[in-house]
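**Student:** Below is one structure. I have some questions about it.
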Amino acid sequence: METKKSIEALQFFVTHLAEGAIVHKQQGMIFKSQGFTKLGQKYIDHFNEEMGWVEKFTERILDLGGDVKFEGMKSRDLICDPIEYVKADLAIQEPGVEMLMKCMEGVKDDPTTYDLLKDYLKDEEEDLYWSQGALELIEKIGTQNWLLLQL
């Protein structure tokens, strides 16, 4: 088992997932302030879920004897339009799922890390399908009707 590969992969996800989680939390707060309570809560809950993964990945790094790093987070624009945000989030999710699958290939000789990333992949696929489904529903019922569902 190449412990270094596993630690590097997990650290990558700790950094970028924490960043994405904070964005989800802020977006949720924005949507709630606009009156889209359900949508806002969805993204706030998503923050909590993602931070749970950050904890699991951090624990695994420590189990492997690695040092956890807090790496700088880049600036990201927040989006006030809920539909534009779903589109923007989907644009991040699609390549992210693909990258996760490639990453899993690199840690396949570490069954514990592989299984952890596999469970995370299932979670990310659910998020991807939700975003795709939301955009399909918007196409079918229209923007205003979809937004009413988010109140």
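How things are named: the first chain in the structure tokens is A, the next is B, and so on; residues count from 1 in each chain; ligands count from 1 in the order shown.
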Residues at most 9 Å from Leu116 (chain A), counting only C-alpha atoms, excluding those fewer than 5 positions away in the same chain, as an MDAnalysis selection string?
**Tutor:** chainID A and resid 56:57 60 111 121
**Student:** Write out as an mmCIF file with N, CA and C atoms, in the first residue's frame each polymer residue whose atoms come within 6 Å of region 113-115 of chain A, counting only C-alpha atoms; drop sequence neighbours fewer than 4 positions from it.
**Tutor:**
```
data_model
loop_
_atom_site.group_PDB
_atom_site.id
_atom_site.type_symbol
_atom_site.label_atom_id
_atom_site.label_comp_id
_atom_site.auth_asym_id
_atom_site.auth_seq_id
_atom_site.Cartn_x
_atom_site.Cartn_y
_atom_site.Cartn_z
ATOM 1 N N MET A 104 -9.918 7.265 -7.024
ATOM 2 C CA MET A 104 -10.129 5.950 -6.412
ATOM 3 C C MET A 104 -9.212 4.908 -7.043
ATOM 4 N N VAL A 107 -5.858 4.733 -5.341
ATOM 5 C CA VAL A 107 -5.756 4.227 -3.960
ATOM 6 C C VAL A 107 -6.352 2.818 -3.822
ATOM 7 N N LYS A 108 -6.512 2.136 -4.932
ATOM 8 C CA LYS A 108 -7.164 0.819 -4.877
ATOM 9 C C LYS A 108 -6.378 -0.209 -4.065
#
```
**Student:** So, with only C-alpha atoms as the atoms that count, which of A:Tyr129, A:Glu49, A:Asp81, A:Lys74 lies closest to Val97 (chain A)?
**Tutor:**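 Among A:Tyr129, A:Glu49, A:Asp81, A:Lys74, it is A:Tyr129 that comes nearest to Val97 (chain A).
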**Student:** Counting only C-alpha atoms, which residue out of A:Pro82, A:His16, A:Lys87, A:Glu98 sits closest to Tyr43 (chain A)?
**Tutor:** A:Pro82
**Student:** Which is closest to Ile22 (chain A) among A:Leu117, A:Val54, A:Leu64, A:Ile138, if we use only C-alpha atoms?
**Tutor:**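 Nearest candidate to Ile22 (chain A) out of A:Leu117, A:Val54, A:Leu64, A:Ile138: A:Val54.
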**Student:** For a quick check of understanding, using only C-alpha atoms, which of A:Phe70, A:Phe47, A:Trp146, A:Trp130 has the smallest distance to Leu90 (chain A)?
**Tutor:**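 Result for the nearest residue to Leu90 (chain A): A:Trp130.
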**Student:** I'd like the contact shell of Val14 (chain A) - 10 Å cut-off, only C-alpha atoms, skipping same-chain residues fewer than 6 positions apart - returned as a compact mmCIF listing (two decimals) with N, CA, C and O atoms, in the first residue's frame.
**Tutor:**
```
# COMPACT_ATOMS: atom_id res chain seq x y z
N GLU A 8 -2.24 11.96 0.25
CA GLU A 8 -2.36 13.08 -0.70
C GLU A 8 -3.78 13.19 -1.26
O GLU A 8 -4.32 14.29 -1.38
N GLU A 50 -21.19 17.48 4.15
CA GLU A 50 -19.84 17.57 3.60
C GLU A 50 -18.79 17.70 4.69
O GLU A 50 -17.71 17.12 4.59
N MET A 51 -19.10 18.45 5.74
CA MET A 51 -18.14 18.56 6.84
C MET A 51 -17.96 17.22 7.56
O MET A 51 -16.89 16.94 8.09
N TRP A 53 -17.86 14.42 5.96
CA TRP A 53 -16.86 13.75 5.12
C TRP A 53 -15.46 14.30 5.40
O TRP A 53 -14.49 13.53 5.44
N VAL A 54 -15.35 15.60 5.60
CA VAL A 54 -14.06 16.19 5.92
C VAL A 54 -13.51 15.54 7.20
O VAL A 54 -12.33 15.20 7.28
N GLU A 55 -14.37 15.34 8.19
CA GLU A 55 -13.95 14.69 9.43
C GLU A 55 -13.47 13.27 9.17
O GLU A 55 -12.43 12.85 9.69
N LYS A 56 -14.23 12.51 8.39
CA LYS A 56 -13.84 11.12 8.09
C LYS A 56 -12.50 11.06 7.36
O LYS A 56 -11.65 10.22 7.66
N PHE A 57 -12.33 11.95 6.38
CA PHE A 57 -11.08 11.96 5.63
C PHE A 57 -9.92 12.38 6.52
O PHE A 57 -8.82 11.83 6.42
N THR A 58 -10.15 13.35 7.40
CA THR A 58 -9.12 13.80 8.33
C THR A 58 -8.72 12.65 9.26
O THR A 58 -7.53 12.41 9.49
N ILE A 61 -6.51 10.24 7.40
CA ILE A 61 -5.15 10.76 7.25
C ILE A 61 -4.36 10.52 8.53
O ILE A 61 -3.22 10.05 8.51
N VAL A 68 -2.30 16.44 8.81
CA VAL A 68 -3.40 17.14 8.16
C VAL A 68 -3.00 18.60 7.99
O VAL A 68 -2.42 19.19 8.89
N LYS A 69 -3.32 19.14 6.82
CA LYS A 69 -2.98 20.53 6.54
C LYS A 69 -4.25 21.34 6.36
O LYS A 69 -5.26 20.84 5.89
N PHE A 70 -4.16 22.59 6.76
CA PHE A 70 -5.22 23.54 6.41
C PHE A 70 -4.65 24.38 5.29
O PHE A 70 -3.81 25.24 5.51
N GLU A 71 -5.09 24.08 4.09
CA GLU A 71 -4.57 24.78 2.93
C GLU A 71 -5.52 25.92 2.58
O GLU A 71 -6.72 25.83 2.79
```
